[in-house]
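Novice: File run_4.txt follows (compact mmCIF, C-alpha atoms):
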```txt
# COMPACT_ATOMS: atom_id res chain seq x y z
CA MET A 1 21.22 35.21 -22.13
CA THR A 2 17.87 33.48 -22.47
CA ASP A 3 19.35 30.90 -24.79
CA LEU A 4 22.15 30.20 -22.32
CA TYR A 5 19.56 29.82 -19.55
CA ASN A 6 17.53 27.40 -21.69
CA ILE A 7 20.48 25.03 -22.24
CA PRO A 8 20.57 23.65 -18.66
CA LEU A 9 16.76 23.53 -18.68
CA LEU A 10 16.84 21.44 -21.85
CA LEU A 11 19.47 19.14 -20.35
CA LEU A 12 17.33 18.70 -17.23
CA GLN A 13 14.28 17.87 -19.32
CA CYS A 14 16.32 15.42 -21.37
CA SER A 15 17.52 13.72 -18.16
CA CYS A 16 13.99 13.50 -16.79
CA PHE A 17 12.78 12.11 -20.12
CA SER A 18 15.47 9.42 -20.13
CA ILE A 19 14.96 8.37 -16.51
CA THR A 20 11.17 8.17 -16.72
CA LEU A 21 11.37 6.26 -20.01
CA VAL A 22 13.76 3.71 -18.48
CA LEU A 23 11.53 3.31 -15.40
CA ALA A 24 8.47 2.78 -17.61
CA LEU A 25 10.28 0.10 -19.62
CA VAL A 26 11.51 -1.60 -16.44
CA LEU A 27 7.94 -1.82 -15.15
CA LEU A 28 6.71 -3.01 -18.53
CA PHE A 29 9.15 -5.91 -18.72
CA ALA A 30 9.01 -6.73 -15.01
CA ARG A 31 6.04 -8.99 -15.76
CA TYR A 32 8.41 -11.56 -17.23
CA HIS A 33 10.38 -11.78 -13.97
CA GLN A 34 7.60 -11.58 -11.39
CA HIS A 35 5.02 -14.32 -11.73
CA THR A 36 2.55 -12.81 -9.30
CA GLU A 37 -1.11 -13.81 -9.30
CA SER A 38 -2.23 -10.61 -7.61
CA ARG A 39 -4.64 -8.66 -9.78
CA ALA A 40 -4.22 -5.67 -7.50
CA TYR A 41 -0.47 -5.64 -8.10
CA GLU A 42 -0.91 -5.99 -11.87
CA SER A 43 -3.44 -3.16 -11.91
CA SER A 44 -1.04 -0.96 -9.98
CA ARG A 45 1.80 -1.86 -12.34
CA TRP A 46 -0.18 -0.73 -15.37
CA MET A 47 -1.24 2.46 -13.60
CA LEU A 48 2.42 3.24 -12.93
CA ILE A 49 3.33 2.50 -16.55
CA GLY A 50 0.58 4.89 -17.62
CA ALA A 51 1.78 7.60 -15.22
CA LEU A 52 5.40 7.29 -16.35
CA SER A 53 4.31 7.29 -20.00
CA LEU A 54 2.56 10.61 -19.41
CA TYR A 55 5.79 11.92 -17.91
CA VAL A 56 7.70 10.74 -20.99
CA VAL A 57 5.26 12.50 -23.33
CA HIS A 58 5.35 15.62 -21.17
CA TYR A 59 9.14 15.93 -21.20
CA LEU A 60 9.26 15.14 -24.91
CA LEU A 61 6.79 17.94 -25.67
CA GLN A 62 8.72 20.29 -23.39
CA MET A 63 11.92 19.59 -25.32
CA LEU A 64 10.28 19.87 -28.75
CA PHE A 65 8.16 22.97 -28.17
CA GLY A 66 9.93 24.66 -25.25
CA PHE A 67 6.78 25.44 -23.28
CA ARG A 68 8.71 26.17 -20.10
CA ALA A 69 11.12 28.38 -22.01
CA ARG A 70 8.23 30.54 -23.26
CA GLY A 71 7.50 31.77 -19.78
CA GLU A 72 6.31 30.87 -16.31
CA ASP A 73 2.59 30.85 -17.14
CA VAL A 74 2.81 28.62 -20.20
CA GLY A 75 5.18 26.24 -18.41
CA ALA A 76 2.87 26.03 -15.38
CA LEU A 77 -0.14 25.44 -17.63
CA ILE A 78 1.44 22.45 -19.39
CA ASN A 79 2.77 21.05 -16.13
CA ILE A 80 -0.68 21.18 -14.50
CA LEU A 81 -2.25 19.44 -17.49
CA PHE A 82 0.16 16.52 -17.21
CA TYR A 83 0.97 16.43 -13.49
CA SER A 84 -2.71 16.20 -12.43
CA PRO A 85 -3.45 12.83 -14.11
CA VAL A 86 0.07 11.62 -13.26
CA ALA A 87 -0.42 12.33 -9.55
CA PHE A 88 -3.86 10.71 -9.74
CA LEU A 89 -2.43 7.52 -11.28
CA PHE A 90 0.40 7.31 -8.74
CA ALA A 91 -2.03 7.75 -5.85
CA CYS A 92 -4.40 5.11 -7.28
CA ALA A 93 -1.50 2.70 -7.87
CA THR A 94 -0.47 2.99 -4.23
CA LEU A 95 -4.01 2.64 -2.91
CA ARG A 96 -4.91 -0.25 -5.21
CA ILE A 97 -2.76 -2.62 -3.12
CA SER A 98 -2.86 -0.69 0.14
CA ALA A 99 -6.52 0.17 0.69
CA GLY A 100 -9.99 -1.35 0.51
CA HIS A 101 -12.05 -1.27 -2.65
CA ARG A 102 -14.82 0.86 -1.16
CA TYR A 103 -12.39 3.57 -0.18
CA LEU A 104 -10.60 3.35 -3.52
CA ARG A 105 -13.85 3.83 -5.42
CA ARG A 106 -14.61 7.01 -3.50
CA PHE A 107 -11.05 8.22 -3.98
CA VAL A 108 -11.20 7.57 -7.74
CA ARG A 109 -14.46 9.50 -8.09
CA VAL A 110 -13.04 12.57 -6.36
CA GLY A 111 -9.73 12.33 -8.26
CA LEU A 112 -11.38 11.96 -11.65
CA ALA A 113 -13.68 14.87 -10.88
CA GLY A 114 -10.68 17.07 -10.06
CA VAL A 115 -8.79 16.08 -13.21
CA ALA A 116 -11.95 16.64 -15.29
CA VAL A 117 -12.36 20.14 -13.85
CA ILE A 118 -8.77 21.00 -14.78
CA LEU A 119 -9.25 19.72 -18.35
CA ALA A 120 -12.57 21.59 -18.65
CA LEU A 121 -10.92 24.82 -17.52
CA PHE A 122 -8.14 24.32 -20.08
CA VAL A 123 -10.60 23.73 -22.93
CA ALA A 124 -12.64 26.76 -21.85
CA GLY A 125 -9.46 28.86 -21.76
CA LEU A 126 -8.54 27.78 -25.29
CA CYS A 127 -12.00 28.72 -26.53
CA ILE A 128 -11.91 32.11 -24.81
CA PHE A 129 -8.30 33.22 -25.39
CA ARG A 130 -7.40 31.15 -28.48
CA SER A 131 -3.88 30.63 -27.10
CA LEU A 132 -1.96 29.17 -24.19
CA ASP A 133 -1.89 32.57 -22.55
CA MET A 134 -5.00 32.42 -20.36
CA PRO A 135 -4.32 34.41 -17.15
CA TRP A 136 -7.43 34.00 -15.00
CA VAL A 137 -8.09 30.47 -16.27
CA LEU A 138 -4.57 29.48 -15.24
CA ARG A 139 -5.15 30.87 -11.76
CA ALA A 140 -8.30 28.75 -11.44
CA MET A 141 -6.42 25.68 -12.67
CA GLU A 142 -3.69 26.32 -10.12
CA VAL A 143 -6.22 26.43 -7.27
CA VAL A 144 -7.85 23.15 -8.35
CA TYR A 145 -4.44 21.53 -8.89
CA VAL A 146 -3.12 22.43 -5.43
CA ALA A 147 -6.36 21.27 -3.80
CA LEU A 148 -6.16 17.99 -5.74
CA ILE A 149 -2.54 17.33 -4.74
CA LEU A 150 -3.35 18.06 -1.09
CA PHE A 151 -6.26 15.60 -1.32
CA PHE A 152 -3.98 12.92 -2.79
CA ILE A 153 -1.43 13.44 0.00
CA PHE A 154 -3.52 13.79 3.15
CA ASN A 155 -6.86 12.07 2.54
CA PRO A 156 -5.64 8.42 2.33
CA GLY A 157 -3.77 8.58 5.64
CA GLY A 158 -6.48 7.07 7.84
CA GLU A 159 -7.29 4.29 5.41
CA LEU A 160 -3.64 3.35 4.95
CA ARG A 161 -3.08 3.22 8.71
CA ARG A 162 -6.15 0.98 9.10
CA MET A 163 -4.92 -1.45 6.46
CA HIS A 164 -1.38 -1.38 7.85
CA ARG A 165 -2.67 -2.50 11.26
CA LYS A 166 -4.72 -5.21 9.57
CA ILE A 167 -1.74 -6.59 7.69
CA GLU A 168 0.53 -6.40 10.73
CA ASP A 169 -1.96 -8.41 12.80
CA GLU A 170 -2.79 -11.09 10.24
CA THR A 171 0.50 -11.95 8.57
CA ALA A 172 3.24 -13.79 10.40
CA ASP A 173 6.08 -13.11 7.98
CA ASP A 174 8.42 -10.24 7.28
CA ASN A 175 6.42 -7.31 5.87
CA SER A 176 9.41 -5.00 5.50
CA LYS A 177 9.09 -4.85 1.71
CA TYR A 178 5.46 -3.82 2.00
CA ASN A 179 6.30 -1.23 4.66
CA ILE A 180 9.12 0.21 2.54
CA TYR A 181 6.74 0.48 -0.40
CA MET A 182 4.16 2.26 1.75
CA HIS A 183 6.74 4.73 3.02
CA SER A 184 8.17 5.31 -0.46
CA GLY A 185 4.67 5.96 -1.79
CA THR A 186 4.12 8.56 0.91
CA VAL A 187 7.49 10.18 0.21
CA LEU A 188 6.71 10.29 -3.51
CA LEU A 189 3.35 11.97 -2.98
CA TYR A 190 4.93 14.55 -0.70
CA ALA A 191 7.65 15.09 -3.30
CA MET A 192 5.00 15.60 -5.96
CA GLY A 193 3.27 18.07 -3.69
CA ALA A 194 6.49 20.00 -3.14
CA ALA A 195 7.27 19.94 -6.86
CA GLY A 196 3.76 21.12 -7.65
CA ALA A 197 3.86 23.94 -5.12
CA LEU A 198 7.27 25.19 -6.22
CA SER A 199 8.68 24.06 -9.53
CA ILE A 200 5.69 24.38 -11.83
CA PHE A 201 5.24 28.03 -10.93
CA HIS A 202 8.89 29.12 -10.83
CA THR A 203 11.36 27.86 -13.40
CA ARG A 204 14.44 28.45 -11.28
CA THR A 205 13.18 26.13 -8.54
CA VAL A 206 12.91 23.30 -11.07
CA PHE A 207 16.63 22.73 -10.77
CA ILE A 208 16.33 22.50 -6.97
CA VAL A 209 13.48 20.01 -6.63
CA ALA A 210 14.00 17.92 -9.80
CA ALA A 211 16.84 15.82 -8.38
CA PHE A 212 14.95 15.11 -5.15
CA PHE A 213 11.79 14.23 -7.06
CA LEU A 214 13.56 11.86 -9.47
CA LEU A 215 15.30 10.15 -6.55
CA ALA A 216 11.94 9.62 -4.84
CA LEU A 217 10.50 8.30 -8.09
CA VAL A 218 13.31 5.79 -8.59
CA PHE A 219 13.04 4.63 -4.96
CA TYR A 220 9.29 4.21 -5.35
CA VAL A 221 9.60 2.05 -8.48
CA VAL A 222 12.37 -0.09 -6.94
CA SER A 223 10.24 -0.61 -3.81
CA PHE A 224 7.26 -1.53 -5.95
CA LEU A 225 9.24 -4.13 -7.89
CA SER A 226 10.75 -5.56 -4.70
CA MET A 227 7.33 -5.92 -3.11
CA GLY A 228 6.10 -7.85 -6.15
CA PHE A 229 7.78 -10.99 -4.85
CA SER A 230 5.71 -11.03 -1.64
CA ILE A 231 2.48 -9.21 -2.51
CA GLN A 232 0.10 -12.18 -2.73
CA GLY A 233 -0.64 -12.56 0.98
CA VAL A 234 -0.90 -8.82 1.56
CA SER A 235 -3.25 -8.42 -1.39
CA SER A 236 -5.60 -11.15 -0.18
CA LEU A 237 -5.75 -9.55 3.27
CA VAL A 238 -6.65 -6.18 1.78
CA ASP A 239 -9.49 -7.77 -0.21
CA GLU A 240 -10.67 -9.79 2.80
CA ALA A 241 -10.63 -6.71 5.02
CA GLU A 242 -12.77 -4.87 2.50
CA ASP A 243 -15.26 -7.73 2.39
CA ALA A 244 -15.43 -7.59 6.18
CA GLN A 245 -16.04 -3.83 6.07
CA GLU A 246 -18.92 -4.34 3.64
CA ILE A 247 -20.45 -6.97 5.95
CA ILE A 248 -20.05 -4.68 8.96
CA GLY A 249 -21.51 -1.81 6.98
CA SER A 250 -24.56 -3.89 5.99
CA THR A 251 -25.02 -5.04 9.58
CA GLU A 252 -24.83 -1.48 10.89
CA GLU A 253 -27.34 -0.30 8.31
CA ALA A 254 -29.75 -3.07 9.32
CA LYS A 255 -29.22 -2.18 12.97
CA ASP A 256 -29.94 1.51 12.30
CA GLU A 257 -33.14 0.62 10.45
CA LYS A 258 -34.27 -1.58 13.34
CA GLU A 259 -33.55 1.18 15.86
CA GLU A 260 -35.47 3.72 13.80
CA ALA A 261 -38.43 1.33 13.55
CA THR A 262 -38.59 0.85 17.33
CA ALA A 263 -37.63 4.40 18.34
CA GLY A 264 -41.22 5.64 18.48
CA GLU A 265 -42.57 2.81 20.57
CA SER A 266 -41.67 4.52 23.85
CA SER A 267 -40.29 7.97 24.57
CA ALA A 268 -40.23 7.56 28.35
CA PRO A 269 -36.86 6.99 30.06
CA ALA A 270 -36.03 3.43 31.06
CA ASP A 271 -37.05 2.41 34.57
CA GLU A 272 -36.47 -0.57 36.80
CA ASP A 273 -39.06 -2.65 34.91
CA SER A 274 -37.51 -1.95 31.54
CA ALA A 275 -35.95 -4.87 29.67
CA PRO A 276 -32.16 -4.76 29.49
CA ALA A 277 -30.64 -3.69 26.20
CA SER A 278 -29.51 -6.58 24.03
CA SER A 279 -25.80 -6.99 23.62
CA THR A 280 -24.37 -6.04 20.24
CA SER A 281 -21.15 -7.96 20.74
CA ALA A 282 -20.49 -11.18 18.83
CA PRO A 283 -21.47 -14.35 20.75
CA ARG A 284 -18.64 -16.31 22.30
CA LEU A 285 -17.54 -19.55 20.72
CA SER A 286 -19.41 -22.65 21.80
CA ALA A 287 -17.64 -25.67 23.25
CA ALA A 288 -18.20 -27.53 19.98
CA GLN A 289 -16.62 -24.73 17.98
CA VAL A 290 -13.62 -24.58 20.30
CA GLU A 291 -13.19 -28.34 20.02
CA LEU A 292 -13.41 -28.14 16.22
CA VAL A 293 -10.73 -25.45 15.96
CA GLU A 294 -8.40 -27.12 18.46
CA ALA A 295 -8.64 -30.45 16.64
CA ALA A 296 -7.88 -28.78 13.31
CA ILE A 297 -4.90 -26.93 14.80
CA ALA A 298 -3.57 -30.11 16.45
CA THR A 299 -3.67 -31.93 13.11
CA TRP A 300 -2.03 -28.98 11.38
CA ARG A 301 0.78 -28.87 13.94
CA ALA A 302 1.32 -32.63 13.73
CA GLU A 303 1.75 -32.24 9.98
CA ARG A 304 4.23 -29.38 10.56
CA GLY A 305 2.04 -26.94 8.70
CA TYR A 306 3.87 -24.04 10.31
CA ASN A 307 6.93 -24.70 8.11
CA THR A 308 5.15 -23.00 5.18
CA SER A 309 6.15 -19.37 4.84
CA ASN A 310 3.84 -16.58 3.65
CA LEU A 311 1.00 -17.83 5.83
CA THR A 312 -1.78 -15.36 6.57
CA SER A 313 -4.90 -15.73 8.67
CA ILE A 314 -6.82 -16.35 5.43
CA THR A 315 -4.59 -19.13 4.08
CA MET A 316 -4.31 -20.62 7.55
CA ALA A 317 -8.09 -20.86 7.89
CA GLN A 318 -8.29 -22.47 4.46
CA ARG A 319 -5.75 -25.11 5.47
CA LEU A 320 -7.60 -25.81 8.69
CA GLY A 321 -10.89 -26.08 6.81
CA ILE A 322 -12.66 -23.53 9.02
CA PRO A 323 -13.99 -19.99 8.44
CA LYS A 324 -11.39 -17.31 8.93
CA ARG A 325 -13.69 -15.48 11.36
CA LEU A 326 -13.80 -18.60 13.54
CA LEU A 327 -10.00 -18.79 13.66
CA THR A 328 -9.62 -15.12 14.53
CA GLN A 329 -12.23 -15.32 17.29
CA TYR A 330 -10.64 -18.48 18.70
CA LEU A 331 -7.22 -16.85 18.90
CA ALA A 332 -8.68 -13.79 20.59
CA GLU A 333 -10.78 -15.72 23.14
CA ARG A 334 -8.67 -18.78 23.88
CA GLU A 335 -5.12 -17.64 23.15
CA GLY A 336 -5.51 -13.92 23.86
CA SER A 337 -3.39 -13.19 20.83
CA THR A 338 -3.38 -12.07 17.23
CA PHE A 339 -2.60 -14.48 14.42
CA ARG A 340 0.82 -12.88 13.89
CA VAL A 341 1.94 -13.33 17.50
CA TRP A 342 0.40 -16.80 17.85
CA LEU A 343 2.08 -18.27 14.75
CA SER A 344 5.37 -16.56 15.56
CA ASN A 345 5.34 -18.17 19.03
CA ILE A 346 4.69 -21.61 17.53
CA ARG A 347 7.62 -21.21 15.15
CA ILE A 348 9.90 -19.99 17.93
CA GLU A 349 8.98 -22.99 20.09
CA GLU A 350 9.76 -25.35 17.24
CA SER A 351 13.04 -23.57 16.49
CA LYS A 352 14.07 -23.97 20.13
CA ARG A 353 13.36 -27.69 19.94
CA MET A 354 15.39 -28.06 16.75
CA LEU A 355 18.27 -25.99 18.11
CA LEU A 356 18.58 -28.51 20.95
CA THR A 357 17.81 -31.76 19.14
CA GLN A 358 19.50 -30.99 15.82
CA PRO A 359 22.92 -29.53 16.76
CA ASP A 360 24.28 -30.13 13.25
CA TYR A 361 21.57 -28.03 11.60
CA SER A 362 22.55 -24.49 10.62
CA ILE A 363 20.42 -21.51 11.60
CA GLU A 364 19.35 -21.12 7.97
CA ALA A 365 18.15 -24.73 7.82
CA ILE A 366 16.20 -24.37 11.05
CA ALA A 367 14.66 -21.09 9.91
CA GLU A 368 13.44 -22.75 6.72
CA ALA A 369 12.18 -25.83 8.56
CA CYS A 370 10.18 -23.69 10.98
CA GLY A 371 8.58 -21.54 8.28
CA PHE A 372 10.51 -18.30 8.78
CA SER A 373 10.92 -16.46 5.49
CA SER A 374 14.63 -15.84 6.15
CA ARG A 375 17.37 -16.28 8.74
CA SER A 376 17.30 -12.57 9.56
CA TRP A 377 13.54 -12.68 10.19
CA MET A 378 13.96 -15.68 12.51
CA GLN A 379 16.75 -13.92 14.40
CA GLU A 380 14.65 -10.80 14.80
CA LYS A 381 11.62 -12.66 16.19
CA PHE A 382 13.77 -15.03 18.29
CA LYS A 383 15.68 -12.20 19.91
CA ALA A 384 12.47 -10.26 20.58
CA SER A 385 11.16 -13.35 22.42
CA THR A 386 14.27 -14.57 24.28
CA GLY A 387 16.62 -11.60 24.31
CA MET A 388 19.22 -13.70 22.47
CA THR A 389 19.94 -14.71 18.91
CA PRO A 390 19.37 -18.40 18.04
CA ALA A 391 23.11 -19.07 18.04
CA GLU A 392 23.53 -17.42 21.46
CA TRP A 393 20.53 -19.32 22.86
CA ARG A 394 21.91 -22.64 21.58
CA GLU A 395 25.29 -21.97 23.24
CA ALA A 396 23.60 -20.91 26.47
CA GLN A 397 21.74 -24.23 26.65
CA LYS A 398 25.01 -26.17 26.50
CA SER A 399 26.39 -24.62 29.66
```
Can you turn what I pasted into structure tokens?
Specialist:
Amino acid sequence: MTDLYNIPLLLLQCSCFSITLVLALVLLFARYHQHTESRAYESSRWMLIGALSLYVVHYLLQMLFGFRARGEDVGALINILFYSPVAFLFACATLRISAGHRYLRRFVRVGLAGVAVILALFVAGLCIFRSLDMPWVLRAMEVVYVALILFFIFNPGGELRRMHRKIEDETADDNSKYNIYMHSGTVLLYAMGAAGALSIFHTRTVFIVAAFFLLALVFYVVSFLSMGFSIQGVSSLVDEAEDAQEIIGSTEEAKDEKEEATAGESSAPADEDSAPASSTSAPRLSAAQVELVEAAIATWRAERGYNTSNLTSITMAQRLGIPKRLLTQYLAEREGSTFRVWLSNIRIEESKRMLLTQPDYSIEAIAEACGFSSRSWMQEKFKASTGMTPAEWREAQKS
């Protein structure tokens, strides 16, 4: 009966081995089709290849030595040994292009510490029990493994939401591929958590969660590859946001030191003769700065600079020849808008003009001429602004 039970288990392991091997090879050879210059994306790609390679080795060893077939404890032990670094690599791959470097460094330290504890427990168990049957050591490994998976799933949430808001505000193009990748990464981590909480401890549940997990894994890899064609702007914004955080952090530290130095000068409450507290807000732009930015923008618009897709606040500032901080502050103070909304409005205005003055131009041609990344993206932004599609708006103007 046991042999009959092991046959479907072996087939499942063989299927998982084949799928993960194919996904690893797809990621390996994807470099020849995606000529991205993003180091973050390339780092993530190699992390994913490493994670999938560990899966391949794991399933190969399971088929050759039948660890899962020996019993629940031995199967769980081997799974924890492999799934811990795999989950760590997947989490790091997601965060490498979706979070700041400071956060990632802290995350890596905690993750590596957790994986090291699991490996240390395994080595200690081998020394004590001289076999893979190590009851109390396995229980300790299970506790650390579950805690580690929960950390990978729930800890990055705040950082990812912060970066998502940053990217939404400072890119004017369609970020759907990035958003899909973010969601798929979250789904995959939850799937890994479910698989870890159920399948590694109970063999029968392997057949239930394996299909769902493999589906999530395939979706994740496909989303990652799709995002590779538009990662450059997103990656630069993530790096720029991290630089800004470091500057803010340094400023806050200096401010704290100054407050501590002056804290003992007077312990009495402030009275009417006390000097007002200095403002900590950034100074408003001077008239010269406003004139500089407006002149640069006027030249940029005259040269139809908005017809370039994949513009971000960083690349826009570079083209204007001004600091990115100056551009962002100008848009906030003078336009009352974010970069995303401001550039989208400029493109919509130009598309309206072309719809009227160029009646022979197709919607696709106008979308490209105005800098929209696709016709569908132009239609989405145009309808959000006017309540009509470009074609409907053009017809309405004729009547």
Novice: Between CA of Gly100 (chain A) and CA of Arg325 (chain A), measure the distance and give it in Å to one decimal.
Specialist: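 If I compute the distance from CA of Gly100 (chain A) to CA of Arg325 (chain A), I get 18.2 Å.
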Novice: Record the distance separating CA of Glu294 (chain A) and CA of Ser374 (chain A), expressed in Å with one decimal.
Specialist: 28.4 Å
Novice: Neighbouring residues of region 387-396 of chain A were defined as those with any atom within 10 Å, considering all atoms listed in the file; residues of the same chain fewer than 6 positions away were excluded. Please report them as a ChimeraX atom specification.
Specialist: /A:348,351-352,354-356,359,362-363,366-367,375-376,378-381
Novice: Determine, counting all atoms listed in the file, which protein, DNA and RNA residues have an atom within 10 Å of an atom of Ser43 (chain A); residues of the same chain fewer than 5 positions away are not included. Present the result as a VMD selection string.
Specialist: chain A and resid 38 48 to 49 92 to 93 96 to 97
Novice: Closest to Leu215 (chain A) among A:Leu138, A:Met63, A:Ala120, A:Val187, using only C-alpha atoms?
Specialist: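 The closest residue to Leu215 (chain A) is A:Val187.
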Novice: Could you tell me how far CA of Thr386 (chain A) sits from CA of Thr315 (chain A), in Å to one decimal place?
Specialist: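 It comes out at 28.0 Å.
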Novice: Have a look at A:Leu64, A:Ala69, A:Leu27, A:Val22 and name the one nearest to Thr203 (chain A); count all atoms listed in the file.
Specialist: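 Once distances to Thr203 (chain A) are computed over all atoms listed in the file, the minimum belongs to A:Ala69.
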Novice: Excluding Leu343 (chain A) and residues on its chain fewer than 6 positions from it, collect all residues at most 10 Å away from it, counting all atoms listed in the file, and give them as a PyMOL selection string.
Specialist: chain A and resi 170-173+306+311-313+316+337+349+371
Novice: Name the residues in contact with Arg106 (chain A) at a cut-off of 12 Å, using all atoms listed in the file, excluding same-chain residues fewer than 3 positions from it; report them as a CSV table (one decimal) with C-alpha atoms, in the frame of the given file.
Specialist:
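Final output, around-v8.csv:
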```
chain,number,residue,atom,x,y,z
A,92,CYS,CA,-4.4,5.1,-7.3
A,95,LEU,CA,-4.0,2.6,-2.9
A,99,ALA,CA,-6.5,0.2,0.7
A,100,GLY,CA,-10.0,-1.4,0.5
A,101,HIS,CA,-12.0,-1.3,-2.6
A,102,ARG,CA,-14.8,0.9,-1.2
A,103,TYR,CA,-12.4,3.6,-0.2
A,109,ARG,CA,-14.5,9.5,-8.1
A,110,VAL,CA,-13.0,12.6,-6.4
A,111,GLY,CA,-9.7,12.3,-8.3
A,112,LEU,CA,-11.4,12.0,-11.6
A,113,ALA,CA,-13.7,14.9,-10.9
A,155,ASN,CA,-6.9,12.1,2.5
A,156,PRO,CA,-5.6,8.4,2.3
A,159,GLU,CA,-7.3,4.3,5.4
```
Novice: For Leu320 (chain A), which residue among A:Phe339, A:Phe207, A:Trp300, A:Trp377 is the nearest when counting all atoms listed in the file?
Specialist: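 Among A:Phe339, A:Phe207, A:Trp300, A:Trp377, it is A:Trp300 that comes nearest to Leu320 (chain A).
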Novice: Could you give me the centre and size, in Å to one decimal, of an axis-aligned box around all listed atoms of region 296-309 of chain A with 3 Å added on every side, as lines of an AutoDock Vina configuration file?
Specialist:
```
center_x = -0.5
center_y = -26.0
center_z = 10.6
size_x = 20.8
size_y = 19.3
size_z = 17.6
```
Novice: Quick one: everything within 12 Å of Asp133 (chain A), counting only C-alpha atoms, minus sequence neighbours fewer than 3 positions away in the same chain. Send it as a short mmCIF file (atom, residue, chain, number, x, y, z; two decimals) with C-alpha atoms, keeping the file's coordinate frame.
Specialist:
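Okay, part.cif is ready:
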```cif
data_model
loop_
_atom_site.label_atom_id
_atom_site.label_comp_id
_atom_site.auth_asym_id
_atom_site.auth_seq_id
_atom_site.Cartn_x
_atom_site.Cartn_y
_atom_site.Cartn_z
CA PHE A 67 6.78 25.44 -23.28
CA ARG A 70 8.23 30.54 -23.26
CA GLY A 71 7.50 31.77 -19.78
CA GLU A 72 6.31 30.87 -16.31
CA ASP A 73 2.59 30.85 -17.14
CA VAL A 74 2.81 28.62 -20.20
CA GLY A 75 5.18 26.24 -18.41
CA ALA A 76 2.87 26.03 -15.38
CA LEU A 77 -0.14 25.44 -17.63
CA ILE A 78 1.44 22.45 -19.39
CA PHE A 122 -8.14 24.32 -20.08
CA GLY A 125 -9.46 28.86 -21.76
CA LEU A 126 -8.54 27.78 -25.29
CA CYS A 127 -12.00 28.72 -26.53
CA ILE A 128 -11.91 32.11 -24.81
CA PHE A 129 -8.30 33.22 -25.39
CA ARG A 130 -7.40 31.15 -28.48
CA TRP A 136 -7.43 34.00 -15.00
CA VAL A 137 -8.09 30.47 -16.27
CA LEU A 138 -4.57 29.48 -15.24
CA ARG A 139 -5.15 30.87 -11.76
#
```
Novice: Using only C-alpha atoms, which of the listed residues (A:Ala288, A:Phe29, A:Asp169, A:Phe224) sits closest to Val341 (chain A)?
Specialist: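 Nearest candidate to Val341 (chain A) out of A:Ala288, A:Phe29, A:Asp169, A:Phe224: A:Asp169.
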Novice: Pick the closest to Ile80 (chain A) from A:Ala30, A:Val146, A:Asn6, A:Tyr178: which is it, counting only C-alpha atoms?
Specialist: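 Nearest candidate to Ile80 (chain A) out of A:Ala30, A:Val146, A:Asn6, A:Tyr178: A:Val146.
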Novice: When distances are computed from only C-alpha atoms, which of A:Thr205, A:Arg347, A:Ile153, A:Arg284 shows the smallest separation from Ser385 (chain A)?
Specialist: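 Of A:Thr205, A:Arg347, A:Ile153, A:Arg284, the one nearest Ser385 (chain A) is A:Arg347, counting only C-alpha atoms.
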Novice: Can we get region 215-225 of chain A of that structure written down with N, CA and C atoms, as a PDB file, in the first residue's frame?
Specialist:
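The result, written out as out12.pdb:
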```pdb
ATOM      1  N   LEU A 215       1.213  27.210  -9.607  1.00  0.00           N
ATOM      2  CA  LEU A 215       0.540  28.229 -10.404  1.00  0.00           C
ATOM      3  C   LEU A 215       1.009  29.628  -9.992  1.00  0.00           C
ATOM      4  N   ALA A 216       1.103  29.854  -8.682  1.00  0.00           N
ATOM      5  CA  ALA A 216       1.590  31.148  -8.193  1.00  0.00           C
ATOM      6  C   ALA A 216       3.032  31.383  -8.621  1.00  0.00           C
ATOM      7  N   LEU A 217       3.836  30.329  -8.618  1.00  0.00           N
ATOM      8  CA  LEU A 217       5.235  30.451  -9.013  1.00  0.00           C
ATOM      9  C   LEU A 217       5.368  30.808 -10.493  1.00  0.00           C
ATOM     10  N   VAL A 218       4.591  30.145 -11.332  1.00  0.00           N
ATOM     11  CA  VAL A 218       4.624  30.449 -12.768  1.00  0.00           C
ATOM     12  C   VAL A 218       4.162  31.880 -13.020  1.00  0.00           C
ATOM     13  N   PHE A 219       3.091  32.302 -12.368  1.00  0.00           N
ATOM     14  CA  PHE A 219       2.574  33.663 -12.529  1.00  0.00           C
ATOM     15  C   PHE A 219       3.607  34.688 -12.088  1.00  0.00           C
ATOM     16  N   TYR A 220       4.307  34.387 -11.013  1.00  0.00           N
ATOM     17  CA  TYR A 220       5.332  35.294 -10.512  1.00  0.00           C
ATOM     18  C   TYR A 220       6.457  35.467 -11.534  1.00  0.00           C
ATOM     19  N   VAL A 221       6.952  34.374 -12.076  1.00  0.00           N
ATOM     20  CA  VAL A 221       8.052  34.437 -13.038  1.00  0.00           C
ATOM     21  C   VAL A 221       7.612  35.163 -14.310  1.00  0.00           C
ATOM     22  N   VAL A 222       6.404  34.880 -14.795  1.00  0.00           N
ATOM     23  CA  VAL A 222       5.899  35.561 -15.994  1.00  0.00           C
ATOM     24  C   VAL A 222       5.781  37.060 -15.733  1.00  0.00           C
ATOM     25  N   SER A 223       5.283  37.440 -14.566  1.00  0.00           N
ATOM     26  CA  SER A 223       5.167  38.857 -14.221  1.00  0.00           C
ATOM     27  C   SER A 223       6.534  39.513 -14.139  1.00  0.00           C
ATOM     28  N   PHE A 224       7.490  38.790 -13.592  1.00  0.00           N
ATOM     29  CA  PHE A 224       8.850  39.322 -13.489  1.00  0.00           C
ATOM     30  C   PHE A 224       9.443  39.575 -14.872  1.00  0.00           C
ATOM     31  N   LEU A 225       9.280  38.630 -15.766  1.00  0.00           N
ATOM     32  CA  LEU A 225       9.812  38.787 -17.121  1.00  0.00           C
ATOM     33  C   LEU A 225       9.107  39.924 -17.857  1.00  0.00           C
TER      34      LEU A 225
END
```
